[in-house]
Each structure stands twice: as C-alpha cells, then as structure tokens.
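What follows is the content of run25.txt (compact mmCIF, C-alpha atoms).
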# COMPACT_ATOMS: atom_id res chain seq x y z
CA MET A 30 21.19 33.51 21.78
CA GLU A 31 22.05 32.22 18.31
CA LYS A 32 21.15 33.77 14.95
CA TYR A 33 20.38 31.96 11.68
CA ASP A 34 18.81 32.96 8.43
CA VAL A 35 16.37 30.00 8.47
CA LEU A 36 14.97 27.61 11.06
CA ILE A 37 13.50 24.42 9.60
CA ILE A 38 11.07 22.48 11.78
CA GLY A 39 11.12 18.77 10.93
CA GLY A 40 13.78 16.29 9.87
CA GLY A 41 11.85 14.36 7.24
CA LEU A 42 12.39 14.38 3.50
CA VAL A 43 11.08 17.90 2.87
CA GLY A 44 12.97 19.38 5.81
CA CYS A 45 16.33 17.78 5.01
CA ALA A 46 16.04 18.43 1.27
CA SER A 47 15.13 22.06 1.93
CA ALA A 48 18.09 22.39 4.30
CA TRP A 49 20.39 21.23 1.51
CA HIS A 50 18.98 23.63 -1.09
CA LEU A 51 18.94 26.57 1.32
CA ALA A 52 22.46 25.98 2.64
CA ASP A 53 23.75 25.39 -0.88
CA ALA A 54 22.32 28.80 -1.81
CA GLY A 55 24.33 30.41 1.00
CA ALA A 56 21.76 30.65 3.80
CA SER A 57 22.68 29.83 7.39
CA VAL A 58 20.30 27.03 8.35
CA LEU A 59 19.28 25.33 11.58
CA LEU A 60 17.16 22.20 11.24
CA ALA A 61 15.46 21.08 14.45
CA GLU A 62 14.04 17.54 14.64
CA LYS A 63 12.36 16.50 17.88
CA GLY A 64 13.20 12.83 17.29
CA GLU A 65 15.61 11.35 14.77
CA ILE A 66 16.09 12.10 11.08
CA ASN A 67 13.68 10.11 8.86
CA ARG A 68 12.00 8.45 11.84
CA LEU A 69 8.40 9.12 10.84
CA ALA A 70 6.46 9.24 7.54
CA SER A 71 9.47 9.94 5.32
CA GLY A 72 11.08 6.68 6.42
CA GLN A 73 7.93 4.62 6.99
CA ASN A 74 6.24 4.96 3.60
CA ALA A 75 6.55 2.46 0.73
CA GLY A 76 8.72 4.67 -1.47
CA SER A 77 6.31 4.90 -4.40
CA LEU A 78 7.01 7.44 -7.14
CA HIS A 79 3.44 7.69 -8.47
CA PHE A 80 2.97 10.52 -10.94
CA GLN A 81 -0.32 9.35 -12.45
CA LEU A 82 -3.41 10.58 -10.63
CA GLU A 83 -4.05 8.08 -7.87
CA HIS A 84 -7.28 6.22 -7.20
CA ARG A 85 -7.99 8.38 -4.14
CA LEU A 86 -7.88 11.53 -6.29
CA ILE A 87 -10.29 10.42 -9.02
CA GLU A 88 -12.96 8.51 -7.10
CA HIS A 89 -15.00 11.46 -5.78
CA GLY A 90 -16.54 12.83 -8.98
CA ASP A 91 -15.43 14.97 -11.88
CA ALA A 92 -15.31 18.32 -10.06
CA MET A 93 -12.96 17.11 -7.34
CA ALA A 94 -10.89 15.14 -9.83
CA GLU A 95 -10.38 18.29 -11.90
CA GLN A 96 -9.26 20.10 -8.75
CA PHE A 97 -6.79 17.37 -7.89
CA ALA A 98 -5.52 17.37 -11.49
CA GLN A 99 -3.89 20.72 -10.74
CA ILE A 100 -1.07 18.75 -9.14
CA ILE A 101 -0.01 17.20 -12.47
CA PRO A 102 2.56 19.89 -13.43
CA LEU A 103 4.31 19.32 -10.08
CA ASN A 104 4.27 15.58 -10.76
CA LYS A 105 6.07 16.17 -14.06
CA LEU A 106 8.74 18.29 -12.35
CA ALA A 107 9.16 15.67 -9.63
CA ALA A 108 9.67 12.89 -12.19
CA GLU A 109 12.49 14.88 -13.80
CA LEU A 110 14.11 15.55 -10.42
CA TRP A 111 13.94 11.92 -9.23
CA ALA A 112 15.54 10.75 -12.47
CA ARG A 113 18.75 12.62 -11.60
CA LEU A 114 18.61 12.56 -7.80
CA GLU A 115 21.26 9.87 -7.25
CA THR A 116 23.67 11.92 -9.38
CA ASP A 117 22.78 15.16 -7.58
CA LEU A 118 23.33 13.65 -4.12
CA GLY A 119 26.19 11.35 -5.14
CA GLU A 120 24.65 8.32 -3.42
CA GLY A 121 22.76 5.20 -4.40
CA LEU A 122 19.12 5.53 -3.33
CA GLU A 123 17.67 2.45 -5.06
CA VAL A 124 15.75 4.69 -7.44
CA VAL A 125 14.00 2.50 -10.02
CA MET A 126 11.91 4.18 -12.72
CA LYS A 127 10.80 1.42 -15.06
CA GLY A 128 7.24 2.67 -15.43
CA GLY A 129 3.92 2.48 -13.68
CA ILE A 130 0.74 0.62 -14.58
CA MET A 131 -2.75 1.40 -13.35
CA ALA A 132 -5.04 -1.52 -14.18
CA ALA A 133 -8.84 -1.61 -14.61
CA MET A 134 -10.83 -4.74 -13.77
CA THR A 135 -14.40 -3.44 -14.19
CA ASP A 136 -16.24 -1.30 -16.71
CA GLU A 137 -16.47 1.47 -14.11
CA GLU A 138 -12.70 1.41 -13.66
CA VAL A 139 -12.20 1.64 -17.41
CA LEU A 140 -14.26 4.84 -17.38
CA LEU A 141 -12.12 6.17 -14.52
CA LEU A 142 -8.98 5.46 -16.53
CA LYS A 143 -10.35 7.31 -19.54
CA LYS A 144 -11.29 10.34 -17.44
CA LYS A 145 -7.89 10.29 -15.78
CA PHE A 146 -6.16 10.04 -19.15
CA ALA A 147 -8.11 13.03 -20.48
CA MET A 148 -7.20 15.18 -17.46
CA GLU A 149 -3.53 14.21 -17.61
CA SER A 150 -3.41 14.91 -21.35
CA ARG A 151 -4.86 18.41 -20.82
CA HIS A 152 -2.04 19.13 -18.38
CA GLY A 153 0.67 17.81 -20.71
CA MET A 154 1.33 14.48 -19.01
CA GLN A 155 2.06 11.74 -21.56
CA THR A 156 0.30 8.72 -20.15
CA GLU A 157 -1.01 6.07 -22.53
CA LEU A 158 -4.09 3.88 -22.48
CA LEU A 159 -3.51 0.17 -23.08
CA THR A 160 -5.89 -2.52 -24.18
CA ARG A 161 -6.02 -5.79 -22.26
CA ASP A 162 -3.62 -7.45 -24.71
CA GLU A 163 -1.22 -4.50 -24.69
CA ALA A 164 -1.20 -4.45 -20.89
CA LYS A 165 -0.60 -8.21 -20.70
CA ASN A 166 2.22 -7.93 -23.22
CA LEU A 167 3.89 -5.23 -21.11
CA ALA A 168 3.11 -6.89 -17.78
CA PRO A 169 2.52 -10.65 -18.22
CA TYR A 170 2.13 -11.10 -14.45
CA LEU A 171 -1.30 -9.38 -14.56
CA THR A 172 -4.47 -11.43 -14.26
CA ASP A 173 -6.40 -12.31 -17.42
CA LYS A 174 -9.38 -10.52 -15.86
CA ILE A 175 -8.07 -7.01 -16.51
CA LEU A 176 -9.95 -4.96 -19.09
CA ALA A 177 -7.51 -2.10 -19.72
CA ALA A 178 -4.63 -0.19 -18.15
CA ALA A 179 -2.87 3.15 -18.13
CA HIS A 180 0.91 3.34 -18.39
CA PHE A 181 3.38 6.09 -17.53
CA PRO A 182 7.01 5.22 -18.31
CA ASP A 183 8.64 7.40 -15.63
CA GLU A 184 6.98 6.01 -12.51
CA GLY A 185 8.78 3.76 -10.08
CA HIS A 186 10.05 3.69 -6.51
CA ALA A 187 13.00 4.53 -4.26
CA ASN A 188 14.19 3.38 -0.86
CA PRO A 189 12.75 5.74 1.78
CA ARG A 190 15.31 4.57 4.34
CA LEU A 191 18.09 5.97 2.15
CA VAL A 192 16.75 9.17 0.59
CA THR A 193 16.25 11.48 3.57
CA PRO A 194 19.56 10.58 5.30
CA ALA A 195 21.35 11.28 2.01
CA TYR A 196 19.76 14.73 1.88
CA ALA A 197 20.72 15.32 5.53
CA ARG A 198 24.36 14.45 4.81
CA ALA A 199 24.37 16.76 1.78
CA ALA A 200 22.86 19.55 3.89
CA SER A 201 25.53 19.12 6.56
CA ARG A 202 28.27 19.24 3.93
CA ALA A 203 26.76 22.48 2.63
CA GLY A 204 26.94 23.99 6.12
CA ALA A 205 23.48 23.38 7.60
CA ASP A 206 23.34 22.77 11.35
CA ILE A 207 21.16 19.69 11.91
CA LYS A 208 20.07 19.00 15.48
CA THR A 209 18.15 15.86 16.45
CA ARG A 210 16.21 15.24 19.66
CA CYS A 211 15.75 18.98 19.63
CA GLU A 212 12.20 20.34 19.80
CA VAL A 213 10.96 23.83 18.97
CA ILE A 214 8.68 24.75 21.88
CA SER A 215 7.87 28.43 21.28
CA ILE A 216 7.77 30.92 18.40
CA GLN A 217 7.19 34.68 18.55
CA ARG A 218 7.40 37.49 16.02
CA GLN A 219 9.51 40.31 17.46
CA HIS A 220 11.26 43.31 15.90
CA GLY A 221 10.96 41.99 12.36
CA CYS A 222 12.42 38.57 13.23
CA TRP A 223 11.23 35.30 14.72
CA THR A 224 12.40 34.52 18.22
CA THR A 225 12.19 30.81 18.96
CA THR A 226 12.99 28.56 21.89
CA ILE A 227 14.36 25.07 21.33
CA ARG A 228 14.78 22.33 23.91
CA ASP A 229 17.43 19.64 23.91
CA GLU A 230 15.55 16.44 24.76
CA ALA A 231 18.55 14.75 26.35
CA SER A 232 19.63 17.54 28.71
CA GLY A 233 16.44 19.56 28.95
CA GLU A 234 18.49 22.67 28.17
CA LEU A 235 16.60 25.58 26.57
CA GLN A 236 18.13 27.84 23.95
CA GLU A 237 16.86 30.98 22.24
CA VAL A 238 17.36 31.19 18.50
CA VAL A 239 16.54 34.24 16.36
CA VAL A 240 15.86 33.71 12.67
CA ASP A 241 14.68 35.76 9.72
CA LYS A 242 12.58 32.94 8.30
CA ILE A 243 10.93 29.73 9.48
CA LEU A 244 10.07 26.72 7.31
CA ASN A 245 7.43 24.44 8.77
CA ALA A 246 8.25 21.01 7.31
CA ALA A 247 6.70 19.03 10.16
CA GLY A 248 4.51 16.83 7.93
CA ALA A 249 1.58 15.35 9.83
CA TRP A 250 2.46 17.63 12.74
CA ALA A 251 2.59 20.80 10.61
CA GLY A 252 -0.80 22.02 11.79
CA HIS A 253 0.13 21.55 15.43
CA SER A 254 3.50 23.23 14.90
CA ALA A 255 1.92 26.22 13.15
CA LEU A 256 -0.16 26.98 16.25
CA MET A 257 3.00 28.05 18.06
CA ALA A 258 3.22 30.95 15.59
CA ASN A 259 -0.51 31.75 16.09
CA ILE A 260 -1.37 30.21 12.70
CA HIS A 261 -4.14 27.77 11.81
CA MET A 262 -3.30 25.36 8.98
CA PRO A 263 -5.68 22.53 7.93
CA VAL A 264 -3.24 19.62 8.08
CA PHE A 265 -4.65 16.42 9.51
CA PRO A 266 -2.70 13.34 10.67
CA VAL A 267 -3.89 10.14 9.00
CA PRO A 268 -2.77 6.66 10.16
CA LEU A 269 -1.98 4.21 7.35
CA MET A 270 -0.49 0.73 7.03
CA MET A 271 1.73 -1.28 4.68
CA ASN A 272 2.44 -4.97 4.04
CA VAL A 273 5.59 -6.70 2.87
CA THR A 274 5.89 -10.28 1.58
CA GLU A 275 8.73 -12.74 1.65
CA ARG A 276 11.39 -12.47 -1.05
CA THR A 277 10.71 -13.86 -4.48
CA GLY A 278 12.38 -13.83 -7.89
CA PRO A 279 12.48 -10.56 -9.87
CA TRP A 280 9.29 -10.45 -11.93
CA LEU A 281 7.58 -7.13 -11.01
CA PRO A 282 9.55 -4.23 -12.54
CA HIS A 283 6.69 -1.71 -12.43
CA LEU A 284 4.87 0.36 -9.86
CA LEU A 285 1.43 -1.24 -10.00
CA GLN A 286 -1.88 0.36 -9.01
CA ARG A 287 -5.56 -0.33 -9.57
CA ALA A 288 -7.88 2.29 -11.01
CA GLY A 289 -10.82 1.81 -8.65
CA ALA A 290 -9.39 0.26 -5.51
CA ARG A 291 -6.83 0.98 -2.83
CA LEU A 292 -3.88 -0.96 -4.13
CA SER A 293 -0.26 -0.21 -4.88
CA MET A 294 2.48 -2.76 -5.31
CA LYS A 295 6.14 -2.85 -6.21
CA GLN A 296 9.16 -5.14 -5.81
CA VAL A 297 12.22 -3.79 -4.05
CA ALA A 298 15.86 -4.66 -4.67
CA SER A 299 15.87 -7.43 -2.04
CA GLY A 300 13.00 -9.23 -3.82
CA ASN A 301 10.22 -8.45 -1.31
CA LEU A 302 6.88 -7.12 -2.54
CA LEU A 303 5.51 -4.02 -0.83
CA ILE A 304 1.72 -3.93 -0.88
CA GLY A 305 -0.33 -0.92 0.19
CA GLY A 306 -2.54 1.69 -1.37
CA GLY A 307 -3.83 3.92 1.40
CA TRP A 308 -5.46 1.50 3.84
CA SER A 309 -6.05 2.99 7.26
CA SER A 310 -4.72 1.88 10.60
CA ARG A 311 -6.08 3.12 13.96
CA PHE A 312 -4.73 5.75 16.33
CA VAL A 313 -4.04 4.78 19.94
CA TYR A 314 -5.96 7.17 22.16
CA LYS A 315 -4.83 8.88 25.36
CA ASN A 316 -7.16 11.04 27.46
CA GLY A 317 -9.70 11.02 24.64
CA GLN A 318 -7.23 12.27 22.01
CA PRO A 319 -5.08 10.46 19.42
CA ASP A 320 -1.64 9.85 20.90
CA LEU A 321 0.61 10.89 18.03
CA ASN A 322 3.68 9.73 19.92
CA ARG A 323 2.59 6.08 19.66
CA ARG A 324 2.56 3.96 16.55
CA PRO A 325 -0.99 3.37 15.22
CA GLU A 326 -2.52 -0.09 15.53
CA LEU A 327 -3.24 -2.39 12.61
CA ILE A 328 -6.81 -3.08 11.50
CA GLU A 329 -6.77 -6.76 10.59
CA ARG A 330 -9.61 -6.67 8.08
CA ASN A 331 -7.78 -3.94 6.13
CA VAL A 332 -4.68 -6.11 5.91
CA VAL A 333 -6.75 -9.01 4.57
CA ARG A 334 -8.61 -6.89 2.04
CA ASN A 335 -5.40 -5.26 0.80
CA LEU A 336 -3.81 -8.66 0.20
CA GLU A 337 -6.95 -9.98 -1.49
CA LEU A 338 -6.85 -7.12 -3.97
CA ALA A 339 -3.17 -7.77 -4.66
CA ALA A 340 -3.71 -11.48 -5.31
CA GLY A 341 -6.73 -10.72 -7.49
CA LEU A 342 -4.71 -8.45 -9.75
CA VAL A 343 -1.48 -10.49 -9.69
CA PRO A 344 -2.11 -14.22 -9.17
CA ASP A 345 1.55 -14.94 -8.35
CA VAL A 346 1.11 -12.96 -5.13
CA ALA A 347 -1.33 -15.50 -3.66
CA PRO A 348 1.18 -18.20 -2.58
CA LEU A 349 3.62 -15.73 -1.00
CA HIS A 350 3.90 -15.47 2.77
CA LEU A 351 3.18 -12.18 4.49
CA LEU A 352 6.40 -11.23 6.26
CA ARG A 353 5.30 -8.23 8.30
CA CYS A 354 3.01 -5.20 8.45
CA TRP A 355 3.74 -1.74 9.74
CA THR A 356 1.91 1.51 10.36
CA GLY A 357 2.75 5.18 10.02
CA VAL A 358 1.18 8.63 10.02
CA VAL A 359 0.98 11.03 7.08
CA GLY A 360 -0.29 14.60 6.88
CA VAL A 361 -3.26 15.35 4.62
CA THR A 362 -4.60 18.83 3.84
CA SER A 363 -8.30 19.56 3.69
CA ASP A 364 -8.26 19.90 -0.11
CA GLN A 365 -5.60 17.21 -0.79
CA LEU A 366 -3.32 19.78 -2.47
CA PRO A 367 0.09 20.80 -1.08
CA LEU A 368 0.67 23.71 1.23
CA LEU A 369 3.66 25.41 -0.32
CA GLY A 370 4.66 29.02 0.27
CA GLU A 371 4.70 31.93 2.71
CA VAL A 372 1.73 32.29 5.05
CA GLY A 373 -0.09 35.56 4.35
CA GLY A 374 0.03 38.00 7.25
CA PHE A 375 2.99 36.21 8.84
CA PRO A 376 6.11 37.57 7.13
CA GLY A 377 8.93 35.06 6.94
CA TYR A 378 6.84 32.04 7.95
CA TYR A 379 6.77 29.37 5.24
CA ILE A 380 5.22 25.92 5.05
CA ALA A 381 5.86 22.92 2.80
CA THR A 382 3.70 19.87 3.40
CA GLY A 383 0.71 17.86 2.18
CA GLY A 384 0.01 16.05 -1.06
CA SER A 385 2.18 13.04 -1.87
CA GLY A 386 4.99 13.86 0.53
CA PHE A 387 7.53 11.28 -0.63
CA THR A 388 6.86 11.50 -4.36
CA LEU A 389 6.81 15.30 -4.35
CA GLY A 390 9.11 16.01 -1.40
CA PRO A 391 12.23 16.78 -3.46
CA VAL A 392 10.39 19.22 -5.73
CA TYR A 393 8.66 20.89 -2.76
CA ALA A 394 12.09 21.47 -1.22
CA LYS A 395 13.64 22.86 -4.38
CA LEU A 396 10.81 25.30 -5.05
CA ILE A 397 10.33 26.50 -1.46
CA ALA A 398 14.09 27.09 -1.12
CA GLU A 399 14.04 29.19 -4.31
CA LEU A 400 11.12 31.21 -2.97
CA MET A 401 12.83 31.78 0.38
CA THR A 402 16.21 32.80 -1.07
CA GLU A 403 15.26 34.54 -4.32
CA GLY A 404 11.74 35.76 -3.64
CA ARG A 405 10.31 33.67 -6.45
CA SER A 406 10.40 30.05 -7.62
CA SER A 407 11.35 28.70 -11.03
CA TYR A 408 7.84 27.24 -11.31
CA ASP A 409 4.73 29.16 -10.25
CA ILE A 410 3.48 27.65 -6.99
CA SER A 411 0.87 30.28 -6.18
CA LEU A 412 -1.86 27.66 -6.70
CA TYR A 413 -0.57 25.84 -3.60
CA SER A 414 -0.14 28.94 -1.44
CA PRO A 415 -1.27 28.75 2.21
CA SER A 416 -3.10 32.00 1.50
CA ARG A 417 -6.04 29.97 0.15
CA PHE A 418 -6.76 29.25 3.80
CA GLY A 419 -6.24 32.84 4.91
CA HIS A 420 -9.87 33.13 5.95
CA ILE A 421 -9.31 30.77 8.89
CA ASN A 422 -6.60 33.10 10.23
CA GLY A 423 -8.77 36.21 10.15
CA PHE A 424 -8.49 36.63 13.93
CA MET A 425 -4.81 35.78 14.11
CA THR A 426 -1.78 37.99 13.59
CA GLY A 427 1.90 37.51 12.97
CA LYS A 428 2.91 41.18 12.84
If you took the structure in this file and wrote it as structure tokens, what would it be?
Amino acid sequence: MEKYDVLIIGGGLVGCASAWHLADAGASVLLAEKGEINRLASGQNAGSLHFQLEHRLIEHGDAMAEQFAQIIPLNKLAAELWARLETDLGEGLEVVMKGGIMAAMTDEEVLLLKKKFAMESRHGMQTELLTRDEAKNLAPYLTDKILAAAHFPDEGHANPRLVTPAYARAASRAGADIKTRCEVISIQRQHGCWTTTIRDEASGELQEVVVDKILNAAGAWAGHSALMANIHMPVFPVPLMMNVTERTGPWLPHLLQRAGARLSMKQVASGNLLIGGGWSSRFVYKNGQPDLNRRPELIERNVVRNLELAAGLVPDVAPLHLLRCWTGVVGVTSDQLPLLGEVGGFPGYYIATGGSGFTLGPVYAKLIAELMTEGRSSYDISLYSPSRFGHINGFMTGK
C-alpha cells in the first residue's frame, strides 16, 4: 500500500498542469492515466485560445447568454496566464496571441455581436466593435460581405501536442509521480482518507493507494469516473471533428470566428489552416451504448458545411486542398460552465472539468491546486462549485 497526499485521475492538460502546481506547492502527487499523456481531448483539439464569448454561448437567448457570461472573469485570468506560459514552463509551446476576430455577415449576427460586446464590457473585458472598413483594414483577408466584427487583442492559439507534455515534464521535475497505462478501478472513503485501487494495464497488477485528496481531471470521462466514488456529476461526452488544409503562405495571424455560425479558423506555424467550430462527429456504438474507447466517425455533410463557411468568410480558403480530418471527444457540463471545486458531502474529492478545457485548462489547474493546498483560491471560484449539482447526490454519501 502506498500513500500520497493527492491522486489525480486523468493525464490531460488539467491533470498534468494540476500535478505541477500541487507538487510545486509541496504535495506528494500520483497522477494515474489509463492511456497515454495527452492522448485524448487535450491533444486532439485545435488549440484555440478564445476568450470572447463563443457563438455556441450566445445563440440561445439573452438569459442563457447572461449565464454563460459568468465565465468572462476566468477568461481574463486565462489570457494573462497563457501570455507567460512558455516562460513559466521554460519550453516553446507555439503560443501565438496576435488577437481574435469574430465577424458578422448578417444583420442578426451584428445584433449578436452588440449583445456580446455589452456583456463582455459589464464584466470588464475590453473587446472592441469594428465597422466593416475597420475590420477589413485589420484583416484584409476577410470577405467584402462582412458587416461588422468584434476584436480582442489577446486571443490566439497554441500547439496542443506540446502544452500538456510540457506540463507533465514540469510536474515530474517537481516530484510528481506520473503513471501511464494505469487505471483507477475503485475508490472508497475509509477512516478519513480515500482508499483507491489502480491497475497496471501492461501487467494487470493491482495496487492499493491511500490518499487524502482526489482530483477528478478525467475530462469527458469525469462523470463516469465520479461514479466510483458514489458521486453523480453531469458531464457528458460530445464527439467533435476538425479539418486541416494544406500549407500556404502566412496570411492569417488571427484566431477567426463567426458570430452566428459554427466556425473557427487559425493558421499554425507550419502554414496549415485549422478549421473547426464545434461541428459534431458520431459515436461508434457497442451493445447499444457509445463506445468511448473508439474514435468517433466523421459526418461528411458537417465537413462540407464547415469548409463552406470558411470559404465564405475567407475567400482565399476556397482553392486550398483539404489535407485531413480528425475526430475527438470533449466533456460538456449540463449548464456549459466549469465544474471546479470540492464536491459537497464528499470531503477531499475535487473535480476540475468542463467549459473550454484547452483555453481554460491552465487557469483551472492553478486555482484548483490553490484550493487543495491552501483551502482557498486567489480568485473566487464558488460560482463554478460542483455543489450547484448537490441535489442530484441527495441519496449518495461520501462520509
């Protein structure tokens, strides 16, 4: 039997970043990843750093948009953290923060931009509204059909294949024990501690590990993982897809989105354009249930529509060849806000997931590590507490 201060479940961005912060603060940390570090959503996403309110958060009416706007203060903190992350980790992560543009091509989208701008302004986020001419002057690659745009100078992108491994290396240097192909298969609360069983996937060997605290950083699998501790958490796996074009000359410095459509676009260091925006793929089913161990399948019409939107907003995209598409799975909470904090009624069990996991992952990790080591975080995260879903655990117990 081994003893640690903290067990982290999940080797994605949030898990590895939390391991670094916790170990750096002096905690003994075991991170258990059932596959390989950065294998799933943290390494499969497009690397967008989108701090403006996205299309998906403002398209469902004013009441829901105001609810989603509560994330803006976290977005501001995340922007500050990403700006210094390469220095903090001592590695190049291809972080580019040359600004983001959200374009409007219809009168309805102009109204969405204005509502978004008003909400962001109320929460202290300094976006700016641009006229057509101002937008074209800033981004000459845009179609002449745009009517307006919103601009935030700190948006951008980073390379998701580099960020999480860099955090994992920093965590190891700080003393964290990171185990891959190692799955947590049972969790029980006993004698004021958590007794867990982990299985080595290569040998099949089982090991008991006792910890004071658990951090569920399992992303799309966080809800499933929480059940082992007798906890219900409304985290739902969602299959998405991305497209990448052939390389082209450097002409797209911004993170580009559209106000009323599922579209995001950026150009990476190699010259390829990444085109996405939240288009779904399709789970492969096994025995009537989604098989989360298999990569989701592409939906061809979604690929076509995504590329049509990109070419409509940026004409220079049209002649480019599509190089490849890929799919991945992200975790979405029932209210689209993060789950960040200790689960009420289950002392020592923490969760950090949901929201924009790549954009906000580093700030989730910093704040949850502060809460776990100091009892409070430098920024109030009570709004995102799992306790808002305490009613669905009324029959459960972690005592």
I want to know what sits within 12 Å of Asn245 of chain A, based on all atoms listed in the file, with residues of the same chain fewer than 5 positions away left out; could you give that as an mmCIF file with C-alpha atoms, in the coordinates of the input?
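Here's the written file part.cif:
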data_model
loop_
_atom_site.group_PDB
_atom_site.id
_atom_site.type_symbol
_atom_site.label_atom_id
_atom_site.label_comp_id
_atom_site.auth_asym_id
_atom_site.auth_seq_id
_atom_site.Cartn_x
_atom_site.Cartn_y
_atom_site.Cartn_z
ATOM 1 C CA VAL A 35 16.370 30.000 8.470
ATOM 2 C CA LEU A 36 14.970 27.610 11.060
ATOM 3 C CA ILE A 37 13.500 24.420 9.600
ATOM 4 C CA ILE A 38 11.070 22.480 11.780
ATOM 5 C CA GLY A 39 11.120 18.770 10.930
ATOM 6 C CA GLY A 40 13.780 16.290 9.870
ATOM 7 C CA GLY A 41 11.850 14.360 7.240
ATOM 8 C CA VAL A 43 11.080 17.900 2.870
ATOM 9 C CA GLY A 44 12.970 19.380 5.810
ATOM 10 C CA CYS A 45 16.330 17.780 5.010
ATOM 11 C CA SER A 47 15.130 22.060 1.930
ATOM 12 C CA ALA A 48 18.090 22.390 4.300
ATOM 13 C CA LEU A 60 17.160 22.200 11.240
ATOM 14 C CA ALA A 61 15.460 21.080 14.450
ATOM 15 C CA GLU A 62 14.040 17.540 14.640
ATOM 16 C CA VAL A 213 10.960 23.830 18.970
ATOM 17 C CA ILE A 216 7.770 30.920 18.400
ATOM 18 C CA TRP A 250 2.460 17.630 12.740
ATOM 19 C CA ALA A 251 2.590 20.800 10.610
ATOM 20 C CA GLY A 252 -0.800 22.020 11.790
ATOM 21 C CA HIS A 253 0.130 21.550 15.430
ATOM 22 C CA SER A 254 3.500 23.230 14.900
ATOM 23 C CA ALA A 255 1.920 26.220 13.150
ATOM 24 C CA LEU A 256 -0.160 26.980 16.250
ATOM 25 C CA MET A 257 3.000 28.050 18.060
ATOM 26 C CA ALA A 258 3.220 30.950 15.590
ATOM 27 C CA ILE A 260 -1.370 30.210 12.700
ATOM 28 C CA MET A 262 -3.300 25.360 8.980
ATOM 29 C CA VAL A 264 -3.240 19.620 8.080
ATOM 30 C CA LEU A 368 0.670 23.710 1.230
ATOM 31 C CA LEU A 369 3.660 25.410 -0.320
ATOM 32 C CA GLY A 370 4.660 29.020 0.270
ATOM 33 C CA GLU A 371 4.700 31.930 2.710
ATOM 34 C CA VAL A 372 1.730 32.290 5.050
ATOM 35 C CA GLY A 377 8.930 35.060 6.940
ATOM 36 C CA TYR A 378 6.840 32.040 7.950
ATOM 37 C CA TYR A 379 6.770 29.370 5.240
ATOM 38 C CA ILE A 380 5.220 25.920 5.050
ATOM 39 C CA ALA A 381 5.860 22.920 2.800
ATOM 40 C CA THR A 382 3.700 19.870 3.400
ATOM 41 C CA GLY A 383 0.710 17.860 2.180
ATOM 42 C CA ALA A 394 12.090 21.470 -1.220
ATOM 43 C CA ILE A 397 10.330 26.500 -1.460
ATOM 44 C CA PRO A 415 -1.270 28.750 2.210
#
Figure out the distance between atom CA of Ile130 of chain A and atom CA of Val332 of chain A, please, to one decimal in Å.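 Interatomic distance, atom CA of Val332 of chain A to atom CA of Ile130 of chain A: 22.2 Å.
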Which residue, A:Ala52, A:Ala195, A:Val392, A:Met93, has the smallest gap to Ser406 of chain A when you use only C-alpha atoms?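 Closest residue, counting only C-alpha atoms: A:Val392.
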Separation of atom CA of Val297 of chain A and atom CA of Ala249 of chain A, in Å?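 A separation of 25.9 Å between them.
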Atom CA of Glu137 of chain A and atom CA of Pro348 of chain A, how far apart in Å?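 Rounded to one decimal, the two atoms are 28.8 Å apart.
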Restricting the calculation to all atoms listed in the file, which member of A:Asp173, A:Glu83, A:Glu237, A:Asp183 is positioned closest to Pro344 of chain A?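 Among the listed residues, A:Asp173 lies closest to Pro344 of chain A.
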Selection near Met30 of chain A, 8 Å with all atoms listed in the file, sequence-local residues under 4 positions removed, as number ranges by chain: A: 236-239
I want to know what sits within 12 Å of Lys165 of chain A, based on all atoms listed in the file, with residues of the same chain fewer than 5 positions away left out; could you give that as a list in words?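 The contact residues come out as Ile130, Ala132, Leu159, Thr160, Tyr170, Leu171, Thr172, Asp173, Lys174, Ile175, Leu176, Ala177, Ala178, Ala179, His180, Leu342 and Val343 of chain A.
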